[in-house]
Structures are given as C-alpha cells and as structure tokens.
Amino acid sequence: MSVDRGRATVDGLAVLADSCMLADAAAAGVQALLPKENGLASALLYLKKVRGVLGGVIVMGPRIGVAGSVEIAA
C-alpha cells in the first residue's frame, strides 16, 4: 500500500516510540525529509536522534531503511 501525505510517497513507514503521539510526530518528520536530496539517509539519521524514538523502518520501492532497535525477519 502506498502512503501519500502530499510530501513523499512511501510504500511503508513504521516508527516505534515511547508514545503513539511521538511516533506519529516522528513519522511526520520523516515524511518532510524524504523528498529532499539524500532524503532516506537524512530521515534515518533523524529517527536515531529523536529522544524517545526506539526505531523505524522506511520502504520506498526497492529501497529499505532501518534505524534504531528494529529487527527485520523474513
């Protein structure tokens, strides 16, 4: 499923945080960074720096970015 909030289109975005409000706010920050040059790398760095964010996963087509304490298993 594609998510389009008018800023960037991603195939998947998940943010784990101490609270739902923080996770939603951090996801909005990620959406703001993704359209910029080196957006995926910037968004992952941003997730690592936000206090209270445990980690996140961003999927954009064939590109997958993982930050923090997130494990992906197939």
# chains A, B, ... in the order shown; residues from 1 in each chain; ligands from 1
call {"tool": "select_by_dssp", "arguments": {"residues": "chain A", "states": "alpha helix (DSSP H)", "output": "number ranges by chain"}}
result
A: 20-33, 39-49
call {"tool": "write_last_selection", "arguments": {"atoms": "N, CA and C atoms", "output": "mmCIF file, in the first residue's frame"}}
result
data_model
loop_
_atom_site.group_PDB
_atom_site.id
_atom_site.type_symbol
_atom_site.label_atom_id
_atom_site.label_comp_id
_atom_site.auth_asym_id
_atom_site.auth_seq_id
_atom_site.Cartn_x
_atom_site.Cartn_y
_atom_site.Cartn_z
ATOM 1 N N CYS A 20 2.410 6.909 21.248
ATOM 2 C CA CYS A 20 1.808 6.997 19.910
ATOM 3 C C CYS A 20 1.969 8.392 19.328
ATOM 4 N N MET A 21 1.805 9.411 20.171
ATOM 5 C CA MET A 21 1.925 10.788 19.685
ATOM 6 C C MET A 21 3.337 11.073 19.173
ATOM 7 N N LEU A 22 4.338 10.582 19.895
ATOM 8 C CA LEU A 22 5.717 10.782 19.467
ATOM 9 C C LEU A 22 5.989 10.026 18.177
ATOM 10 N N ALA A 23 5.491 8.806 18.065
ATOM 11 C CA ALA A 23 5.684 8.028 16.841
ATOM 12 C C ALA A 23 5.055 8.737 15.650
ATOM 13 N N ASP A 24 3.863 9.277 15.821
ATOM 14 C CA ASP A 24 3.188 9.979 14.738
ATOM 15 C C ASP A 24 3.939 11.254 14.361
ATOM 16 N N ALA A 25 4.413 11.988 15.350
ATOM 17 C CA ALA A 25 5.166 13.216 15.081
ATOM 18 C C ALA A 25 6.479 12.903 14.356
ATOM 19 N N ALA A 26 7.155 11.853 14.790
ATOM 20 C CA ALA A 26 8.411 11.467 14.151
ATOM 21 C C ALA A 26 8.155 10.998 12.722
ATOM 22 N N ALA A 27 7.051 10.288 12.488
ATOM 23 C CA ALA A 27 6.701 9.859 11.130
ATOM 24 C C ALA A 27 6.437 11.067 10.238
ATOM 25 N N ALA A 28 5.809 12.090 10.781
ATOM 26 C CA ALA A 28 5.584 13.325 10.015
ATOM 27 C C ALA A 28 6.914 13.986 9.670
ATOM 28 N N GLY A 29 7.856 13.953 10.598
ATOM 29 C CA GLY A 29 9.185 14.494 10.331
ATOM 30 C C GLY A 29 9.891 13.722 9.230
ATOM 31 N N VAL A 30 9.752 12.411 9.250
ATOM 32 C CA VAL A 30 10.328 11.574 8.197
ATOM 33 C C VAL A 30 9.728 11.956 6.848
ATOM 34 N N GLN A 31 8.403 12.108 6.793
ATOM 35 C CA GLN A 31 7.735 12.469 5.543
ATOM 36 C C GLN A 31 8.244 13.809 5.005
ATOM 37 N N ALA A 32 8.576 14.727 5.887
ATOM 38 C CA ALA A 32 9.090 16.034 5.469
ATOM 39 C C ALA A 32 10.505 15.930 4.905
ATOM 40 N N LEU A 33 11.288 14.983 5.386
ATOM 41 C CA LEU A 33 12.674 14.841 4.947
ATOM 42 C C LEU A 33 12.834 14.027 3.666
ATOM 43 N N GLY A 39 17.273 12.134 1.052
ATOM 44 C CA GLY A 39 16.166 12.117 1.997
ATOM 45 C C GLY A 39 16.083 10.873 2.856
ATOM 46 N N LEU A 40 16.299 9.701 2.267
ATOM 47 C CA LEU A 40 16.199 8.466 3.048
ATOM 48 C C LEU A 40 17.263 8.434 4.138
ATOM 49 N N ALA A 41 18.493 8.759 3.787
ATOM 50 C CA ALA A 41 19.572 8.771 4.774
ATOM 51 C C ALA A 41 19.310 9.827 5.856
ATOM 52 N N SER A 42 18.834 10.986 5.454
ATOM 53 C CA SER A 42 18.528 12.049 6.412
ATOM 54 C C SER A 42 17.403 11.635 7.355
ATOM 55 N N ALA A 43 16.391 10.974 6.817
ATOM 56 C CA ALA A 43 15.262 10.534 7.635
ATOM 57 C C ALA A 43 15.693 9.488 8.656
ATOM 58 N N LEU A 44 16.560 8.582 8.262
ATOM 59 C CA LEU A 44 17.040 7.558 9.197
ATOM 60 C C LEU A 44 17.892 8.179 10.306
ATOM 61 N N LEU A 45 18.735 9.126 9.944
ATOM 62 C CA LEU A 45 19.545 9.835 10.938
ATOM 63 C C LEU A 45 18.649 10.599 11.903
ATOM 64 N N TYR A 46 17.627 11.242 11.373
ATOM 65 C CA TYR A 46 16.654 11.970 12.196
ATOM 66 C C TYR A 46 15.998 11.039 13.221
ATOM 67 N N LEU A 47 15.565 9.852 12.775
ATOM 68 C CA LEU A 47 14.923 8.914 13.703
ATOM 69 C C LEU A 47 15.863 8.493 14.833
ATOM 70 N N LYS A 48 17.142 8.360 14.514
ATOM 71 C CA LYS A 48 18.119 7.967 15.538
ATOM 72 C C LYS A 48 18.337 9.064 16.578
ATOM 73 N N LYS A 49 18.098 10.320 16.201
ATOM 74 C CA LYS A 49 18.388 11.449 17.091
ATOM 75 C C LYS A 49 17.215 11.895 17.956
#
call {"tool": "residues_around", "arguments": {"residues": "Glu71 in chain A", "least_positions_apart": "6", "cutoff": "10 Å", "atoms": "only C-alpha atoms", "output": "PDB file with N, CA and C atoms, in the first residue's frame"}}
result
ATOM      1  N   GLY A  55      13.017   3.285  17.102  1.00  0.00           N
ATOM      2  CA  GLY A  55      13.493   2.900  15.780  1.00  0.00           C
ATOM      3  C   GLY A  55      12.420   3.089  14.741  1.00  0.00           C
ATOM      4  N   GLY A  56      12.787   2.742  13.506  1.00  0.00           N
ATOM      5  CA  GLY A  56      11.826   2.883  12.427  1.00  0.00           C
ATOM      6  C   GLY A  56      12.258   2.133  11.191  1.00  0.00           C
ATOM      7  N   VAL A  57      11.284   1.914  10.304  1.00  0.00           N
ATOM      8  CA  VAL A  57      11.518   1.259   9.019  1.00  0.00           C
ATOM      9  C   VAL A  57      10.849   2.103   7.943  1.00  0.00           C
TER      10      VAL A  57
END
call {"tool": "atom_distance", "arguments": {"atom1": "CA of Leu16 in chain A", "atom2": "CA of Glu37 in chain A"}}
result
24.6 Å
call {"tool": "closest_residue", "arguments": {"among": "A:Ala74, A:Ala17, A:Asp11, A:Pro35", "to": "Ile58 in chain A", "atoms": "only C-alpha atoms"}}
result
A:Asp11
call {"tool": "atom_distance", "arguments": {"atom1": "CA of Leu13 in chain A", "atom2": "CA of Val59 in chain A"}}
result
6.3 Å
call {"tool": "residues_around", "arguments": {"residues": "Met60 in chain A", "least_positions_apart": "4", "cutoff": "8 Å", "atoms": "only C-alpha atoms", "output": "ChimeraX atom specification"}}
result
/A:9-12,64
call {"tool": "write_last_selection", "arguments": {"atoms": "N, CA and C atoms", "output": "CSV table (one decimal), in the first residue's frame"}}
result
chain,number,residue,atom,x,y,z
A,9,THR,N,6.0,9.9,-1.4
A,9,THR,CA,5.3,8.6,-1.4
A,9,THR,C,6.2,7.5,-1.0
A,10,VAL,N,5.7,6.8,0.0
A,10,VAL,CA,6.4,5.6,0.5
A,10,VAL,C,5.5,4.4,0.5
A,11,ASP,N,6.2,3.3,0.4
A,11,ASP,CA,5.4,2.0,0.4
A,11,ASP,C,5.1,1.5,1.8
A,12,GLY,N,6.0,1.9,2.7
A,12,GLY,CA,5.8,1.5,4.1
A,12,GLY,C,6.6,2.4,5.0
A,64,ILE,N,15.0,0.0,1.3
A,64,ILE,CA,14.5,-0.2,2.7
A,64,ILE,C,15.5,0.4,3.6
call {"tool": "select_by_dssp", "arguments": {"residues": "range 13-62 of chain A", "states": "strand (DSSP E or B)", "output": "ChimeraX atom specification"}}
result
/A:13-17,53-60
call {"tool": "atom_distance", "arguments": {"atom1": "CA of Gly68 in chain A", "atom2": "CA of Lys36 in chain A"}}
result
21.5 Å
call {"tool": "decode", "arguments": {"residues": "range 38-51 of chain A", "atoms": "all heavy atoms", "output": "PDB file, in the first residue's frame"}}
result
ATOM      1  N   ASN A  38      19.162  13.184  -0.662  1.00  0.00           N
ATOM      2  CA  ASN A  38      19.595  12.218   0.366  1.00  0.00           C
ATOM      3  C   ASN A  38      18.530  12.070   1.453  1.00  0.00           C
ATOM      4  O   ASN A  38      18.850  11.910   2.628  1.00  0.00           O
ATOM      5  CB  ASN A  38      20.932  12.630   0.982  1.00  0.00           C
ATOM      6  CG  ASN A  38      22.058  12.639  -0.027  1.00  0.00           C
ATOM      7  OD1 ASN A  38      22.156  11.741  -0.861  1.00  0.00           O
ATOM      8  ND2 ASN A  38      22.881  13.664   0.013  1.00  0.00           N
ATOM      9  N   GLY A  39      17.273  12.134   1.052  1.00  0.00           N
ATOM     10  CA  GLY A  39      16.166  12.117   1.997  1.00  0.00           C
ATOM     11  C   GLY A  39      16.083  10.873   2.856  1.00  0.00           C
ATOM     12  O   GLY A  39      15.825  10.966   4.057  1.00  0.00           O
ATOM     13  N   LEU A  40      16.299   9.701   2.267  1.00  0.00           N
ATOM     14  CA  LEU A  40      16.199   8.466   3.048  1.00  0.00           C
ATOM     15  C   LEU A  40      17.263   8.434   4.138  1.00  0.00           C
ATOM     16  O   LEU A  40      16.963   8.156   5.298  1.00  0.00           O
ATOM     17  CB  LEU A  40      16.309   7.241   2.140  1.00  0.00           C
ATOM     18  CG  LEU A  40      16.133   5.884   2.825  1.00  0.00           C
ATOM     19  CD1 LEU A  40      14.786   5.772   3.525  1.00  0.00           C
ATOM     20  CD2 LEU A  40      16.311   4.754   1.827  1.00  0.00           C
ATOM     21  N   ALA A  41      18.493   8.759   3.787  1.00  0.00           N
ATOM     22  CA  ALA A  41      19.572   8.771   4.774  1.00  0.00           C
ATOM     23  C   ALA A  41      19.310   9.827   5.856  1.00  0.00           C
ATOM     24  O   ALA A  41      19.527   9.570   7.045  1.00  0.00           O
ATOM     25  CB  ALA A  41      20.909   9.036   4.098  1.00  0.00           C
ATOM     26  N   SER A  42      18.834  10.986   5.454  1.00  0.00           N
ATOM     27  CA  SER A  42      18.528  12.049   6.412  1.00  0.00           C
ATOM     28  C   SER A  42      17.403  11.635   7.355  1.00  0.00           C
ATOM     29  O   SER A  42      17.453  11.905   8.554  1.00  0.00           O
ATOM     30  CB  SER A  42      18.116  13.329   5.689  1.00  0.00           C
ATOM     31  OG  SER A  42      19.166  13.820   4.915  1.00  0.00           O
ATOM     32  N   ALA A  43      16.391  10.974   6.817  1.00  0.00           N
ATOM     33  CA  ALA A  43      15.262  10.534   7.635  1.00  0.00           C
ATOM     34  C   ALA A  43      15.693   9.488   8.656  1.00  0.00           C
ATOM     35  O   ALA A  43      15.261   9.525   9.813  1.00  0.00           O
ATOM     36  CB  ALA A  43      14.159   9.987   6.739  1.00  0.00           C
ATOM     37  N   LEU A  44      16.560   8.582   8.262  1.00  0.00           N
ATOM     38  CA  LEU A  44      17.040   7.558   9.197  1.00  0.00           C
ATOM     39  C   LEU A  44      17.892   8.179  10.306  1.00  0.00           C
ATOM     40  O   LEU A  44      17.771   7.807  11.476  1.00  0.00           O
ATOM     41  CB  LEU A  44      17.819   6.481   8.446  1.00  0.00           C
ATOM     42  CG  LEU A  44      16.996   5.650   7.468  1.00  0.00           C
ATOM     43  CD1 LEU A  44      17.898   4.763   6.627  1.00  0.00           C
ATOM     44  CD2 LEU A  44      15.940   4.833   8.192  1.00  0.00           C
ATOM     45  N   LEU A  45      18.735   9.126   9.944  1.00  0.00           N
ATOM     46  CA  LEU A  45      19.545   9.835  10.938  1.00  0.00           C
ATOM     47  C   LEU A  45      18.649  10.599  11.903  1.00  0.00           C
ATOM     48  O   LEU A  45      18.869  10.596  13.116  1.00  0.00           O
ATOM     49  CB  LEU A  45      20.526  10.775  10.243  1.00  0.00           C
ATOM     50  CG  LEU A  45      21.496  11.533  11.139  1.00  0.00           C
ATOM     51  CD1 LEU A  45      22.372  10.574  11.921  1.00  0.00           C
ATOM     52  CD2 LEU A  45      22.353  12.465  10.303  1.00  0.00           C
ATOM     53  N   TYR A  46      17.627  11.242  11.373  1.00  0.00           N
ATOM     54  CA  TYR A  46      16.654  11.970  12.196  1.00  0.00           C
ATOM     55  C   TYR A  46      15.998  11.039  13.221  1.00  0.00           C
ATOM     56  O   TYR A  46      15.894  11.373  14.402  1.00  0.00           O
ATOM     57  CB  TYR A  46      15.611  12.594  11.271  1.00  0.00           C
ATOM     58  CG  TYR A  46      14.345  13.041  11.949  1.00  0.00           C
ATOM     59  CD1 TYR A  46      14.302  14.212  12.692  1.00  0.00           C
ATOM     60  CD2 TYR A  46      13.175  12.297  11.841  1.00  0.00           C
ATOM     61  CE1 TYR A  46      13.135  14.624  13.315  1.00  0.00           C
ATOM     62  CE2 TYR A  46      12.009  12.706  12.442  1.00  0.00           C
ATOM     63  CZ  TYR A  46      11.990  13.865  13.185  1.00  0.00           C
ATOM     64  OH  TYR A  46      10.843  14.269  13.798  1.00  0.00           O
ATOM     65  N   LEU A  47      15.565   9.852  12.775  1.00  0.00           N
ATOM     66  CA  LEU A  47      14.923   8.914  13.703  1.00  0.00           C
ATOM     67  C   LEU A  47      15.863   8.493  14.833  1.00  0.00           C
ATOM     68  O   LEU A  47      15.432   8.307  15.972  1.00  0.00           O
ATOM     69  CB  LEU A  47      14.437   7.670  12.953  1.00  0.00           C
ATOM     70  CG  LEU A  47      13.212   7.861  12.071  1.00  0.00           C
ATOM     71  CD1 LEU A  47      12.913   6.578  11.298  1.00  0.00           C
ATOM     72  CD2 LEU A  47      12.005   8.298  12.891  1.00  0.00           C
ATOM     73  N   LYS A  48      17.142   8.360  14.514  1.00  0.00           N
ATOM     74  CA  LYS A  48      18.119   7.967  15.538  1.00  0.00           C
ATOM     75  C   LYS A  48      18.337   9.064  16.578  1.00  0.00           C
ATOM     76  O   LYS A  48      18.715   8.789  17.704  1.00  0.00           O
ATOM     77  CB  LYS A  48      19.466   7.628  14.885  1.00  0.00           C
ATOM     78  CG  LYS A  48      19.432   6.367  14.063  1.00  0.00           C
ATOM     79  CD  LYS A  48      20.781   6.133  13.414  1.00  0.00           C
ATOM     80  CE  LYS A  48      20.750   4.925  12.499  1.00  0.00           C
ATOM     81  NZ  LYS A  48      22.056   4.704  11.849  1.00  0.00           N
ATOM     82  N   LYS A  49      18.098  10.320  16.201  1.00  0.00           N
ATOM     83  CA  LYS A  49      18.388  11.449  17.091  1.00  0.00           C
ATOM     84  C   LYS A  49      17.215  11.895  17.956  1.00  0.00           C
ATOM     85  O   LYS A  49      17.417  12.605  18.937  1.00  0.00           O
ATOM     86  CB  LYS A  49      18.872  12.649  16.270  1.00  0.00           C
ATOM     87  CG  LYS A  49      20.234  12.438  15.665  1.00  0.00           C
ATOM     88  CD  LYS A  49      20.692  13.678  14.942  1.00  0.00           C
ATOM     89  CE  LYS A  49      22.108  13.523  14.427  1.00  0.00           C
ATOM     90  NZ  LYS A  49      22.618  14.754  13.831  1.00  0.00           N
ATOM     91  N   VAL A  50      15.990  11.481  17.606  1.00  0.00           N
ATOM     92  CA  VAL A  50      14.819  11.937  18.360  1.00  0.00           C
ATOM     93  C   VAL A  50      14.704  11.135  19.653  1.00  0.00           C
ATOM     94  O   VAL A  50      14.571   9.904  19.625  1.00  0.00           O
ATOM     95  CB  VAL A  50      13.521  11.798  17.529  1.00  0.00           C
ATOM     96  CG1 VAL A  50      12.316  12.209  18.362  1.00  0.00           C
ATOM     97  CG2 VAL A  50      13.601  12.638  16.268  1.00  0.00           C
ATOM     98  N   ARG A  51      14.774  11.844  20.775  1.00  0.00           N
ATOM     99  CA  ARG A  51      14.684  11.184  22.080  1.00  0.00           C
ATOM    100  C   ARG A  51      13.299  10.559  22.240  1.00  0.00           C
ATOM    101  O   ARG A  51      12.282  11.202  21.976  1.00  0.00           O
ATOM    102  CB  ARG A  51      14.942  12.189  23.195  1.00  0.00           C
ATOM    103  CG  ARG A  51      15.039  11.544  24.565  1.00  0.00           C
ATOM    104  CD  ARG A  51      15.464  12.507  25.604  1.00  0.00           C
ATOM    105  NE  ARG A  51      14.571  13.674  25.588  1.00  0.00           N
ATOM    106  CZ  ARG A  51      14.765  14.765  26.287  1.00  0.00           C
ATOM    107  NH1 ARG A  51      15.818  14.870  27.044  1.00  0.00           N
ATOM    108  NH2 ARG A  51      13.920  15.761  26.217  1.00  0.00           N
TER     109      ARG A  51
END
